[in-house]
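**Q** Below is a structure I'd like to ask you about.
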Amino acid sequence: MAVFFGHAAPAADPLSYTVNFTPSGDATLDSLLRQTSALVSMRQKLPAGPLVLIARARADARQFAVVLHSLGYDDGRIAITIGGDTLANPALPGLLANLPASQGVTVRIIPHQGPVFRLGQVQTPGLPPGFKPPPGMVRPGQPALAAPILAVVPALCTALRNAGYAFAVVSQPLAVAHPAAQRLDVTYTITPGPLVAIGPVAFAGLTRTSAAFLRAHIALKPGQPFSDTALAQARDSLLGLGVFASVTPLPASKPTARGLVPVTFRVVPKPRHAVTLSALYASDTGLTLGTSWEDRDVFTHAERLKFTAAGNGLAATGTRAPGYDLQAVFAKPDFAARGQILSLSLEALNESLTAYSRKALLARLTLSRPFGAHLSLTYGPQFITEQVRQQGVNRDYALAQLPATLTYSTAENLLEPTQGLNAGITATPTLPTAGTGKPFLIMLASASVYLPVEPAGRGVVALHGQVGSIQGASVFQVPPDQRFYAGGSGTVRGYTYQTIGPLFPDGTPEGGLAMDAGSLEFRQRVGKSFGLVPFIDAGQVNSGSRPFAGTLRVGAGLGLRYYTSIGPIRLDLAFPFTRVAGSAGFALYVGFGESF
């Protein structure tokens, strides 16, 4: 027992104390003890008198026991002393009460964890014959850690429900320790319930969309084995139609006499009509303002009709004049095959750019079809009739194209990806249908990779690359708007749009047959709502059809992000390493969503 000496000094209430942890040799254990200690977390927040200090220490003792068991130290203990006395000393409150106010007290936490227990028997009474446990099932001989032992319960439950046992119940594990053998036996008692199948499918909450269409879309057939995964896939498929704000699958609480489980999907429809506003600013191309009107369920089969009107080149510098972009798009899901989307679009475009200006009418028909969860193919004919002015000369073009794009995506978010991959390759055979132009083929491949370096996406390294080539024609046999250009927000920030690559004698961009560009960003969140993004871009364009040739240009800068509930607002300030004709000393870009 420690002895405290004092004379006329007043008693200390509240007490000043420090917490001292004796290293255990297990870094994970030491870290968890500190993280879960009320003595540590409350020391600066709330003053503690003698009784409160002892109560905190006893609460820590209980919590530390949980920590020991979670790491497999089932026979371990944590010793706690206050001023050298154990918590069991009945005189401790009085000793602390008489402690002089000028004297602090030390709380010592000394782990005696002992050996790590290992799993002995792992029993699953009630498991259906022939049922294979899930891959995450614990096995004899493993360290008896709490997290994997507890994780078996939901894993077993999910596996059983996906195997048709819709009403399976798995008990919490019953653990029996054998200290002499340093072993822990675990038992999971299973009540599988009947083996059942999907029953009739109904929908609740529909206001317009056809229930018959939705049943065909989700492809859940009465009589197929019950599966939670199948219900989740059906829910995600319904949400993907874009007409519902939420979808909740609700299986019946018990099966029918025939062993079927009726399923009702409770849906909350989005408003049928929507109006949106958009804005994008870049110091080289000016301001683009747009608005759209959309009908989300035209003919009750989730068809979507969208009209968009945008003004481009507003407040642009130099000789660029304002223009417009008018577009109408009709999309029909499940066209000719489940999951396949038919899109028809008409577009009228008037734009004035650094390299050229043009007026064009475009008509497109595309089919988009998924192949699994991450791969999709989009293809279909496109027709363009246009007048393009370059170097003071107007030329008319009529083109028939058949673009095909194969995309692969594992990124988890469209506007703010923090992990995964986005990649795509597009081939566009092009046939001039008027004049003497030659057929040519445009090929473009791109990939973006997102590497999280901090938890919860607070720090992300993002890389983007693209490479393109045009085969079959010379530069001037390809219309100016079909050539490759670099510079600006899509390739090398800091350089005015289209100014990287071959130039006419007056410094106007000529365009090229090959292009390559790459970007590197580090996206760092600062606090809750802001972020900083240093970046560097590089790219080149050349008049030949071989990429990775020409003069490489590099730009770099710093971005600011403001994170909203639907995505980040982006502001990037970039500087060119080398000034070129037509480019300013810096460029500013403002938009919604990350740059790639």
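Identifiers in this document derive from the order of the structure tokens: chains are assigned A, B, ..., residues are numbered from 1 separately in each chain, and ligands are numbered from 1 in order of occurrence.
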Per DSSP on the backbone, what are the alpha helix (DSSP H) residues of segment 196-350 of chain A, as a count of residues only?
**A** 21
**Q** Please identify the strand (DSSP E) residues within segment 9-60 of chain A (assignment by DSSP from backbone atoms) and present them as a list in words.
**A**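 Here is the list: Tyr17, Thr18, Val19, Asn20 and Phe21 of chain A.
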**Q** Fewer than 2 positions away in the same chain doesn't count, so skip those; otherwise give me all residues within 7 Å of Val169 of chain A, counting only C-alpha atoms, as a PyMOL selection string.
**A** chain A and resi 157+167+171+190-192
**Q** Compile the contact shell of Phe203 of chain A as a PDB file with C-alpha atoms, in the first residue's frame: residues with an atom at most 6 Å away, counting only C-alpha atoms, same-chain residues fewer than 4 positions apart removed.
**A**
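Done, and the output landed in around09.pdb:
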ATOM      1  CA  THR A 264     -43.510  -7.458 -52.495  1.00  0.00           C
ATOM      2  CA  PHE A 265     -41.272  -4.632 -53.698  1.00  0.00           C
ATOM      3  CA  ARG A 266     -42.253  -1.411 -51.963  1.00  0.00           C
TER       4      ARG A 266
END
**Q** Can you tell me, as a VMD selection string, what residues are no more than 7 Å from Ala144 of chain A when counting only C-alpha atoms, ignoring any on the same chain fewer than 2 positions away?
**A** chain A and resid 72 117 to 119 142 146 184
**Q** Those residues you just picked out, can you put them in a file as a PDB file, in the first residue's frame with C-alpha atoms?
**A**
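The resulting result.pdb:
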ATOM      1  CA  GLY A  72      -7.811 -14.288 -27.985  1.00  0.00           C
ATOM      2  CA  PHE A 117      -6.110 -19.184 -27.093  1.00  0.00           C
ATOM      3  CA  ARG A 118      -6.867 -21.146 -30.255  1.00  0.00           C
ATOM      4  CA  LEU A 119     -10.102 -22.577 -31.508  1.00  0.00           C
ATOM      5  CA  GLN A 142      -7.150 -20.530 -35.683  1.00  0.00           C
ATOM      6  CA  ALA A 146     -13.706 -12.290 -31.357  1.00  0.00           C
ATOM      7  CA  LEU A 184     -11.829 -22.246 -26.968  1.00  0.00           C
TER       8      LEU A 184
END
**Q** Extract, using only C-alpha atoms, all DNA, RNA and protein residues at most 6 Å from segment 505-515 of chain A, discarding same-chain residues fewer than 2 positions from it, and format them as a list in words.
**A**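 Surrounding residues, per the criterion: Ala355, Val467, Gly468, Ser469, Ile470, Arg483, Phe484, Tyr485, Thr499, Pro502, Leu503, Gln540, Val541, Asn542, Ser543, Gly544, Ser545, Arg546, Pro547 and Ala581 of chain A.
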**Q** Could you save the residues just selected, with N, CA and C atoms, as an mmCIF file, in the first residue's frame?
**A**
data_model
loop_
_atom_site.group_PDB
_atom_site.id
_atom_site.type_symbol
_atom_site.label_atom_id
_atom_site.label_comp_id
_atom_site.auth_asym_id
_atom_site.auth_seq_id
_atom_site.Cartn_x
_atom_site.Cartn_y
_atom_site.Cartn_z
ATOM 1 N N ALA A 355 -9.616 26.205 -82.585
ATOM 2 C CA ALA A 355 -9.138 25.633 -83.838
ATOM 3 C C ALA A 355 -10.110 25.823 -84.996
ATOM 4 N N VAL A 467 -5.085 7.574 -74.953
ATOM 5 C CA VAL A 467 -4.275 7.517 -76.165
ATOM 6 C C VAL A 467 -5.207 7.304 -77.354
ATOM 7 N N GLY A 468 -4.940 8.024 -78.453
ATOM 8 C CA GLY A 468 -5.807 7.929 -79.621
ATOM 9 C C GLY A 468 -5.030 7.956 -80.920
ATOM 10 N N SER A 469 -5.630 7.363 -81.948
ATOM 11 C CA SER A 469 -5.004 7.347 -83.276
ATOM 12 C C SER A 469 -6.094 7.294 -84.336
ATOM 13 N N ILE A 470 -5.844 7.992 -85.447
ATOM 14 C CA ILE A 470 -6.741 7.958 -86.600
ATOM 15 C C ILE A 470 -5.993 7.305 -87.757
ATOM 16 N N ARG A 483 -10.525 15.494 -85.736
ATOM 17 C CA ARG A 483 -9.108 15.323 -85.398
ATOM 18 C C ARG A 483 -8.907 15.373 -83.888
ATOM 19 N N PHE A 484 -7.698 15.026 -83.470
ATOM 20 C CA PHE A 484 -7.345 15.083 -82.051
ATOM 21 C C PHE A 484 -6.733 16.432 -81.708
ATOM 22 N N TYR A 485 -7.069 16.920 -80.514
ATOM 23 C CA TYR A 485 -6.494 18.145 -79.952
ATOM 24 C C TYR A 485 -6.172 17.883 -78.487
ATOM 25 N N THR A 499 -4.692 24.005 -78.011
ATOM 26 C CA THR A 499 -3.456 24.671 -78.446
ATOM 27 C C THR A 499 -2.226 23.780 -78.397
ATOM 28 N N PRO A 502 0.238 20.383 -83.591
ATOM 29 C CA PRO A 502 0.640 21.141 -84.778
ATOM 30 C C PRO A 502 -0.170 22.425 -84.930
ATOM 31 N N LEU A 503 0.492 23.479 -85.437
ATOM 32 C CA LEU A 503 -0.143 24.783 -85.614
ATOM 33 C C LEU A 503 -0.003 25.253 -87.056
ATOM 34 N N GLN A 540 0.477 15.297 -75.648
ATOM 35 C CA GLN A 540 1.031 15.716 -76.936
ATOM 36 C C GLN A 540 0.113 15.269 -78.063
ATOM 37 N N VAL A 541 0.202 15.990 -79.178
ATOM 38 C CA VAL A 541 -0.551 15.689 -80.393
ATOM 39 C C VAL A 541 0.418 15.803 -81.557
ATOM 40 N N ASN A 542 0.290 14.891 -82.531
ATOM 41 C CA ASN A 542 1.136 15.016 -83.727
ATOM 42 C C ASN A 542 0.337 14.712 -84.971
ATOM 43 N N SER A 543 0.863 15.138 -86.126
ATOM 44 C CA SER A 543 0.145 15.022 -87.392
ATOM 45 C C SER A 543 0.176 13.615 -87.964
ATOM 46 N N GLY A 544 1.085 12.761 -87.482
ATOM 47 C CA GLY A 544 1.090 11.370 -87.895
ATOM 48 C C GLY A 544 0.102 10.566 -87.079
ATOM 49 N N SER A 545 -0.089 9.311 -87.420
ATOM 50 C CA SER A 545 -1.073 8.481 -86.738
ATOM 51 C C SER A 545 -0.468 7.659 -85.607
ATOM 52 N N ARG A 546 0.814 7.895 -85.296
ATOM 53 C CA ARG A 546 1.472 7.144 -84.228
ATOM 54 C C ARG A 546 1.495 7.966 -82.953
ATOM 55 N N PRO A 547 0.897 7.468 -81.861
ATOM 56 C CA PRO A 547 0.931 8.214 -80.595
ATOM 57 C C PRO A 547 2.332 8.271 -80.003
ATOM 58 N N ALA A 581 1.703 29.346 -78.468
ATOM 59 C CA ALA A 581 0.854 30.324 -79.162
ATOM 60 C C ALA A 581 -0.609 30.072 -78.812
#
**Q** Would you please work out which residue, of A:Leu361, A:Pro225, A:Leu314, A:Ala216, is nearest to Gly339 of chain A when using only C-alpha atoms?
**A** A:Ala216
**Q** Tell me, as a short mmCIF file (atom, residue, chain, number, x, y, z; two decimals) with C-alpha atoms, in the first residue's frame, which residues lie within 12 Å of Leu326 of chain A, counting only C-alpha atoms; anything in the same chain fewer than 3 positions away does not count.
**A**
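Listing of result-v3.cif after writing:
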data_model
loop_
_atom_site.label_atom_id
_atom_site.label_comp_id
_atom_site.auth_asym_id
_atom_site.auth_seq_id
_atom_site.Cartn_x
_atom_site.Cartn_y
_atom_site.Cartn_z
CA LEU A 289 -25.06 27.42 -69.01
CA GLY A 290 -27.65 24.73 -69.54
CA THR A 291 -31.11 23.58 -68.57
CA SER A 292 -33.04 20.39 -69.19
CA TRP A 293 -36.56 18.99 -68.89
CA LYS A 306 -35.00 14.53 -72.13
CA PHE A 307 -34.69 17.93 -73.79
CA THR A 308 -31.53 19.93 -73.11
CA ALA A 309 -30.63 23.48 -74.12
CA ALA A 310 -27.23 25.02 -73.39
CA GLY A 311 -25.43 28.19 -74.33
CA ASN A 312 -21.69 27.70 -74.84
CA GLY A 323 -23.05 29.29 -79.47
CA VAL A 329 -32.80 12.08 -76.23
CA SER A 345 -30.97 11.41 -80.07
CA LEU A 346 -31.08 14.52 -82.23
CA GLU A 347 -28.69 17.41 -81.67
CA ALA A 348 -28.19 20.85 -83.16
CA LEU A 349 -24.81 22.37 -82.32
CA ASN A 350 -23.19 25.73 -82.95
CA GLU A 351 -19.75 26.24 -81.40
CA LYS A 359 -22.63 24.31 -87.16
CA ALA A 360 -23.82 20.72 -87.11
CA LEU A 361 -26.84 18.43 -87.00
CA LEU A 362 -26.28 15.02 -85.43
#
